[in-house]
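The structure file protein-v5.json is reproduced below (JSON, C-alpha atoms).
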[["chain", "number", "residue", "atom", "x", "y", "z"],
["W", 101, "MET", "CA", 22.05, 15.06, -119.47],
["W", 102, "GLU", "CA", 21.02, 11.49, -118.61],
["W", 103, "GLN", "CA", 22.07, 11.99, -114.98],
["W", 104, "GLU", "CA", 20.05, 15.21, -114.80],
["W", 105, "LEU", "CA", 16.98, 13.40, -116.14],
["W", 106, "ILE", "CA", 17.36, 10.75, -113.42],
["W", 107, "GLU", "CA", 17.84, 13.39, -110.71],
["W", 108, "ILE", "CA", 14.70, 15.23, -111.81],
["W", 109, "ALA", "CA", 12.43, 12.26, -112.48],
["W", 110, "GLY", "CA", 13.99, 9.05, -111.22],
["W", 111, "ASP", "CA", 10.83, 8.29, -109.25],
["W", 112, "ILE", "CA", 8.78, 8.37, -112.44],
["W", 113, "LEU", "CA", 11.31, 6.44, -114.52],
["W", 114, "GLU", "CA", 11.38, 3.64, -111.93],
["W", 115, "HIS", "CA", 7.66, 3.53, -111.14],
["W", 116, "PRO", "CA", 6.18, 0.11, -112.01],
["W", 117, "ARG", "CA", 3.21, 1.58, -113.89],
["W", 118, "PHE", "CA", 5.45, 3.87, -115.91],
["W", 119, "LEU", "CA", 7.74, 0.92, -116.72],
["W", 120, "GLU", "CA", 4.70, -0.88, -118.17],
["W", 121, "LEU", "CA", 4.83, 1.63, -121.04],
["W", 122, "LYS", "CA", 7.72, -0.44, -122.42],
["W", 123, "GLU", "CA", 5.10, -3.00, -123.47],
["W", 124, "SER", "CA", 2.98, -0.51, -125.42],
["W", 125, "ARG", "CA", 3.74, -0.02, -129.10],
["W", 126, "HIS", "CA", 3.79, 3.60, -130.21],
["W", 127, "HIS", "CA", 4.47, 5.41, -133.50],
["W", 128, "GLY", "CA", 5.16, 2.26, -135.46],
["W", 129, "LYS", "CA", 6.31, -1.26, -134.81],
["W", 130, "LYS", "CA", 9.82, -0.47, -133.58],
["W", 131, "ASN", "CA", 8.94, 2.10, -130.92],
["W", 132, "ASN", "CA", 7.37, 1.80, -127.49],
["W", 133, "LEU", "CA", 5.62, 4.39, -125.38],
["W", 134, "TYR", "CA", 8.28, 4.39, -122.66],
["W", 135, "ASP", "CA", 11.07, 5.26, -125.12],
["W", 136, "HIS", "CA", 8.91, 7.94, -126.76],
["W", 137, "CYS", "CA", 8.19, 9.58, -123.39],
["W", 138, "VAL", "CA", 11.87, 9.51, -122.42],
["W", 139, "ARG", "CA", 12.90, 10.99, -125.80],
["W", 140, "THR", "CA", 10.29, 13.72, -125.33],
["W", 141, "ALA", "CA", 11.63, 14.51, -121.85],
["W", 142, "ARG", "CA", 15.23, 14.63, -123.13],
["W", 143, "CYS", "CA", 14.21, 16.99, -125.91],
["W", 144, "ALA", "CA", 12.26, 19.15, -123.45],
["W", 145, "LEU", "CA", 15.31, 19.25, -121.17],
["W", 146, "ARG", "CA", 17.45, 20.53, -124.08],
["W", 147, "VAL", "CA", 14.86, 23.20, -124.85],
["W", 148, "CYS", "CA", 14.79, 24.27, -121.19],
["W", 149, "HIS", "CA", 18.58, 24.60, -121.21],
["W", 150, "GLY", "CA", 18.42, 26.56, -124.47],
["W", 151, "PHE", "CA", 16.00, 29.05, -122.93],
["W", 152, "ASP", "CA", 17.99, 29.10, -119.68],
["W", 153, "LEU", "CA", 14.94, 28.20, -117.59],
["W", 154, "SER", "CA", 15.27, 28.02, -113.83],
["W", 155, "ARG", "CA", 15.88, 24.66, -112.18],
["W", 156, "HIS", "CA", 12.31, 24.69, -110.83],
["W", 157, "ASP", "CA", 10.76, 25.37, -114.25],
["W", 158, "THR", "CA", 13.01, 22.77, -115.88],
["W", 159, "GLU", "CA", 11.94, 20.14, -113.35],
["W", 160, "MET", "CA", 8.27, 20.98, -113.94],
["W", 161, "VAL", "CA", 8.66, 20.65, -117.71],
["W", 162, "VAL", "CA", 10.70, 17.44, -117.66],
["W", 163, "ARG", "CA", 8.36, 15.64, -115.25],
["W", 164, "ALA", "CA", 5.30, 16.63, -117.29],
["W", 165, "ALA", "CA", 7.05, 15.68, -120.54],
["W", 166, "LEU", "CA", 7.69, 12.19, -119.20],
["W", 167, "LEU", "CA", 4.02, 11.81, -118.38],
["W", 168, "HIS", "CA", 2.51, 13.43, -121.47],
["W", 169, "ASP", "CA", 1.46, 10.05, -122.94],
["W", 170, "PHE", "CA", 0.76, 8.20, -119.66],
["W", 171, "PHE", "CA", -2.77, 7.34, -120.77],
["W", 172, "GLU", "CA", -2.60, 3.62, -119.84],
["W", 173, "TYR", "CA", -4.78, 2.12, -122.54],
["W", 174, "ASN", "CA", -4.14, 0.48, -125.88],
["W", 175, "TRP", "CA", -5.80, 2.72, -128.43],
["W", 176, "ARG", "CA", -5.46, 0.01, -131.06],
["W", 177, "ASP", "CA", -7.50, -2.67, -129.24],
["W", 178, "ASP", "CA", -11.18, -3.58, -129.36],
["W", 179, "SER", "CA", -12.12, -2.05, -126.01],
["W", 180, "PHE", "CA", -10.98, 1.42, -127.10],
["W", 181, "TYR", "CA", -12.75, 0.93, -130.44],
["W", 182, "ARG", "CA", -15.97, 0.13, -128.57],
["W", 183, "PHE", "CA", -15.46, 3.12, -126.25],
["W", 184, "ARG", "CA", -14.98, 5.44, -129.22],
["W", 185, "HIS", "CA", -17.92, 4.05, -131.15],
["W", 186, "SER", "CA", -20.32, 4.11, -128.20],
["W", 187, "VAL", "CA", -21.23, 7.68, -129.15],
["W", 188, "LYS", "CA", -22.48, 9.07, -132.44],
["W", 189, "GLY", "CA", -21.82, 12.13, -134.54],
["W", 190, "TRP", "CA", -19.34, 14.81, -133.58],
["W", 191, "ARG", "CA", -18.90, 13.37, -130.07],
["W", 192, "LYS", "CA", -17.09, 10.42, -131.66],
["W", 193, "LEU", "CA", -14.38, 12.81, -132.86],
["W", 194, "GLY", "CA", -13.62, 13.78, -129.26],
["W", 195, "ARG", "CA", -12.97, 10.14, -128.44],
["W", 196, "MET", "CA", -10.38, 9.64, -131.14],
["W", 197, "HIS", "CA", -7.03, 8.86, -129.55],
["W", 198, "ALA", "CA", -5.32, 12.03, -130.79],
["W", 199, "PHE", "CA", -8.01, 14.23, -129.23],
["W", 200, "TYR", "CA", -8.63, 12.16, -126.09],
["W", 201, "HIS", "CA", -5.34, 10.88, -124.69],
["W", 202, "GLY", "CA", -3.93, 14.15, -123.33],
["W", 203, "LYS", "CA", -6.76, 14.60, -120.87],
["W", 204, "ARG", "CA", -6.62, 10.92, -119.90],
["W", 205, "ALA", "CA", -2.82, 11.09, -119.44],
["W", 206, "ALA", "CA", -3.15, 14.11, -117.15],
["W", 207, "SER", "CA", -5.78, 12.32, -115.08],
["W", 208, "LYS", "CA", -3.72, 9.13, -114.76],
["W", 209, "ALA", "CA", -0.51, 11.03, -113.98],
["W", 210, "ALA", "CA", -2.27, 13.03, -111.26],
["W", 211, "GLU", "CA", -3.36, 9.78, -109.59],
["W", 212, "LEU", "CA", 0.25, 8.68, -109.03],
["W", 213, "PHE", "CA", 2.45, 11.76, -109.04],
["W", 214, "GLU", "CA", 2.31, 15.18, -107.47],
["W", 215, "LEU", "CA", 1.79, 17.62, -110.33],
["W", 216, "ASN", "CA", 0.71, 21.25, -110.33],
["W", 217, "ASP", "CA", -1.95, 22.83, -112.53],
["W", 218, "ARG", "CA", 0.52, 24.02, -115.16],
["W", 219, "GLN", "CA", 1.96, 20.54, -115.55],
["W", 220, "LEU", "CA", -1.48, 19.00, -115.88],
["W", 221, "GLU", "CA", -2.50, 21.62, -118.41],
["W", 222, "ALA", "CA", 0.70, 20.99, -120.40],
["W", 223, "ILE", "CA", -0.04, 17.26, -120.50],
["W", 224, "GLU", "CA", -3.67, 17.84, -121.51],
["W", 225, "ARG", "CA", -2.79, 20.28, -124.28],
["W", 226, "HIS", "CA", 0.37, 18.71, -125.73],
["W", 227, "MET", "CA", -1.51, 17.66, -128.88],
["W", 228, "PHE", "CA", -2.11, 21.24, -130.03],
["W", 229, "PRO", "CA", -3.53, 21.99, -132.61],
["W", 230, "LEU", "CA", -5.72, 18.92, -132.05],
["W", 231, "ALA", "CA", -6.12, 19.96, -128.42],
["W", 232, "LYS", "CA", -6.61, 23.39, -126.88],
["W", 233, "MET", "CA", -3.71, 25.80, -127.25],
["W", 234, "PRO", "CA", -1.16, 25.68, -124.42],
["W", 235, "MET", "CA", -1.38, 28.71, -122.16],
["W", 236, "HIS", "CA", 2.05, 28.54, -120.51],
["W", 237, "LYS", "CA", 5.65, 27.95, -121.49],
["W", 238, "GLU", "CA", 5.57, 24.43, -120.03],
["W", 239, "GLY", "CA", 2.83, 23.42, -122.44],
["W", 240, "TRP", "CA", 4.55, 24.96, -125.44],
["W", 241, "ILE", "CA", 7.85, 23.25, -124.65],
["W", 242, "ILE", "CA", 6.21, 19.85, -124.20],
["W", 243, "THR", "CA", 4.16, 20.30, -127.39],
["W", 244, "LEU", "CA", 7.33, 21.11, -129.34],
["W", 245, "ALA", "CA", 9.37, 18.31, -127.74],
["W", 246, "ASP", "CA", 6.63, 15.76, -128.42],
["W", 247, "LYS", "CA", 6.46, 16.72, -132.10],
["W", 248, "ILE", "CA", 10.24, 16.44, -132.45],
["W", 249, "ALA", "CA", 10.31, 13.08, -130.67],
["W", 250, "ALA", "CA", 7.41, 11.78, -132.77],
["W", 251, "VAL", "CA", 9.16, 12.71, -136.01],
["W", 252, "GLY", "CA", 12.23, 10.89, -134.75],
["W", 253, "ASP", "CA", 10.12, 7.87, -133.81],
["W", 254, "MET", "CA", 8.61, 7.71, -137.27],
["W", 255, "ALA", "CA", 12.01, 8.16, -138.93],
["W", 256, "ILE", "CA", 13.71, 5.28, -137.08],
["W", 257, "PRO", "CA", 12.44, 2.50, -139.39],
["W", 258, "PHE", "CA", 13.07, 4.67, -142.44],
["W", 259, "GLY", "CA", 16.60, 5.41, -141.22],
["W", 260, "HIS", "CA", 17.33, 1.70, -140.73],
["W", 261, "ARG", "CA", 16.13, 0.89, -144.26],
["W", 262, "LEU", "CA", 18.04, 3.81, -145.75],
["W", 263, "THR", "CA", 21.23, 2.80, -143.93],
["W", 264, "ALA", "CA", 20.87, -0.81, -145.11],
["W", 265, "ARG", "CA", 20.36, 0.31, -148.72],
["W", 266, "CYS", "CA", 23.35, 2.64, -148.58],
["W", 267, "ARG", "CA", 25.54, -0.06, -147.10],
["W", 268, "ALA", "CA", 24.37, -2.53, -149.77],
["W", 269, "SER", "CA", 24.98, -0.09, -152.61],
["W", 270, "LEU", "CA", 28.52, 0.47, -151.30],
["W", 271, "GLY", "CA", 29.11, -3.27, -150.94],
["W", 272, "LEU", "CA", 29.47, -2.94, -147.16],
["W", 273, "GLU", "CA", 26.85, -5.48, -146.06],
["W", 274, "HIS", "CA", 28.10, -8.48, -144.16]]
Kindly present the structure from the file in structure tokens form.
Amino acid sequence: MEQELIEIAGDILEHPRFLELKESRHHGKKNNLYDHCVRTARCALRVCHGFDLSRHDTEMVVRAALLHDFFEYNWRDDSFYRFRHSVKGWRKLGRMHAFYHGKRAASKAAELFELNDRQLEAIERHMFPLAKMPMHKEGWIITLADKIAAVGDMAIPFGHRLTARCRASLGLEH
């Protein structure tokens, strides 16, 4: 599967701006945005295989899945806080990271990579139900894969603590 991911999206995986995602924390202290995007793409690839999608459709989904969080800003820093709070009322809600980053990711991805309308829509709508509902299979697959990857991201620290406790209770710690 890893080789297939590289064949489909090696240009994205090796792109300097995409590699910068390794420096961005995501879903907790132990996860970065690069790893989350790769996990999402791997999960999407498995789903595509499960539904026996064509090679073309699989490539479309995997490339968009890699870029679904390519928003290129730190939503935890002061500049994003100021951006979000520069508007009042209900408009502020639309600038919350969860509602905003899909559209931004699609825009940034389109600047660097050749993507079709379905891929861009899938990236924009991957946060359903916080975003508009996906209209095509690509969007639904990426939405599902992102949720699965995010749950895994959040479970990593818990899993490490649980493993350590189990090992300690069994007297297996070093």
Using all atoms listed in the file, which residues sit within 6 Å of range 241-249 of chain W once same-chain residues fewer than 5 positions away are excluded, as a list in words?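 The residues satisfying every condition are Arg139, Thr140, Cys143, Ala144, Ala165 and His226 of chain W.
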Students should find that CA of Cys148 in chain W and CA of Arg163 in chain W are spaced 12.3 Å
Show which residues sit within 10 Å of Pro234 in chain W, as a count of residues only. Count all atoms listed in the file, and ignore same-chain residues fewer than 3 positions away. 18
Taking 5 positions as the minimum chain separation for residues in the same chain, which residues sit within 9 Å of Leu215 in chain W when counting all atoms listed in the file? Answer as number ranges by chain. W: 160, 163-164, 209-210, 220
What gap, in Å, lies between CA of Leu153 in chain W and CA of Asp111 in chain W? 22.0 Å
Out of W:Gln219, W:Gln103, W:Ser207, W:Ser154, which residue has the shortest atom-to-atom distance to Leu166 in chain W when counting only C-alpha atoms?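 The closest residue to Leu166 in chain W is W:Gln219.
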With all atoms of range 140-156 of chain W from the file as input, state the centre and edge lengths in Å to one decimal of the axis-aligned box that has 3 Å extra on each side, as AutoDock Vina command-line options.
--center_x 14.4 --center_y 21.4 --center_z -118.4 --size_x 14.3 --size_y 21.4 --size_z 21.1
Choose the residue, out of W:Glu107, W:Asp169, W:Asp217, W:Glu102, that has the smallest atom-to-atom separation from His201 in chain W; count all atoms listed in the file. W:Asp169
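Coordinates place CA of Arg146 in chain W at a distance of 26.3 Å from CA of Pro116 in chain W.
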Compare W:Leu145, W:Leu119, W:Val251, W:Val138 by their minimum atom-to-atom distance to Glu159 in chain W, counting only C-alpha atoms, and give me the closest one. W:Leu145
Using all atoms listed in the file, which residue out of W:Ala255, W:Leu167, W:Ala205, W:Met235 lies closest to Phe118 in chain W?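 Of the candidates, the smallest distance to Phe118 in chain W is held by W:Leu167.
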Counting only C-alpha atoms, which residue out of W:Glu120, W:Asp253, W:Glu104, W:Glu114 sits closest to Phe171 in chain W?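 So, comparing all the options, the nearest one is W:Glu120.
Among the candidate residues W:Lys122, W:Lys203, W:His236, W:His168, the one lying nearest to Ala141 in chain W is W:His168, with distances computed using all atoms listed in the file.
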Please fill the gaps in range 212-223 of chain W so it has N, CA, C and O atoms, and write that as a tab-separated table (two decimals), in the coordinates of the input.
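Produced file result-v2.tsv, reproduced below:
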chain	number	residue	atom	x	y	z
W	212	LEU	N	-0.97	9.29	-109.58
W	212	LEU	CA	0.25	8.68	-109.03
W	212	LEU	C	1.35	9.65	-108.64
W	212	LEU	O	2.20	9.32	-107.82
W	213	PHE	N	1.35	10.83	-109.25
W	213	PHE	CA	2.45	11.76	-109.04
W	213	PHE	C	1.92	13.14	-108.67
W	213	PHE	O	0.84	13.53	-109.11
W	214	GLU	N	2.71	13.85	-107.89
W	214	GLU	CA	2.31	15.18	-107.47
W	214	GLU	C	2.65	16.16	-108.60
W	214	GLU	O	3.82	16.39	-108.90
W	215	LEU	N	1.62	16.69	-109.22
W	215	LEU	CA	1.79	17.62	-110.33
W	215	LEU	C	0.97	18.87	-110.07
W	215	LEU	O	-0.11	18.80	-109.50
W	216	ASN	N	1.48	20.01	-110.52
W	216	ASN	CA	0.71	21.25	-110.33
W	216	ASN	C	-0.19	21.50	-111.54
W	216	ASN	O	-0.16	20.75	-112.53
W	217	ASP	N	-0.98	22.55	-111.47
W	217	ASP	CA	-1.95	22.83	-112.53
W	217	ASP	C	-1.30	23.09	-113.88
W	217	ASP	O	-1.82	22.67	-114.92
W	218	ARG	N	-0.16	23.75	-113.89
W	218	ARG	CA	0.52	24.02	-115.16
W	218	ARG	C	1.01	22.73	-115.81
W	218	ARG	O	0.95	22.58	-117.03
W	219	GLN	N	1.52	21.82	-115.00
W	219	GLN	CA	1.96	20.54	-115.55
W	219	GLN	C	0.79	19.75	-116.12
W	219	GLN	O	0.89	19.18	-117.22
W	220	LEU	N	-0.30	19.72	-115.39
W	220	LEU	CA	-1.48	19.00	-115.88
W	220	LEU	C	-2.02	19.62	-117.16
W	220	LEU	O	-2.39	18.91	-118.10
W	221	GLU	N	-2.05	20.94	-117.20
W	221	GLU	CA	-2.50	21.62	-118.41
W	221	GLU	C	-1.56	21.31	-119.59
W	221	GLU	O	-2.02	21.09	-120.71
W	222	ALA	N	-0.27	21.29	-119.34
W	222	ALA	CA	0.70	20.99	-120.40
W	222	ALA	C	0.48	19.58	-120.95
W	222	ALA	O	0.52	19.37	-122.17
W	223	ILE	N	0.23	18.63	-120.06
W	223	ILE	CA	-0.04	17.26	-120.50
W	223	ILE	C	-1.33	17.21	-121.31
W	223	ILE	O	-1.38	16.61	-122.39
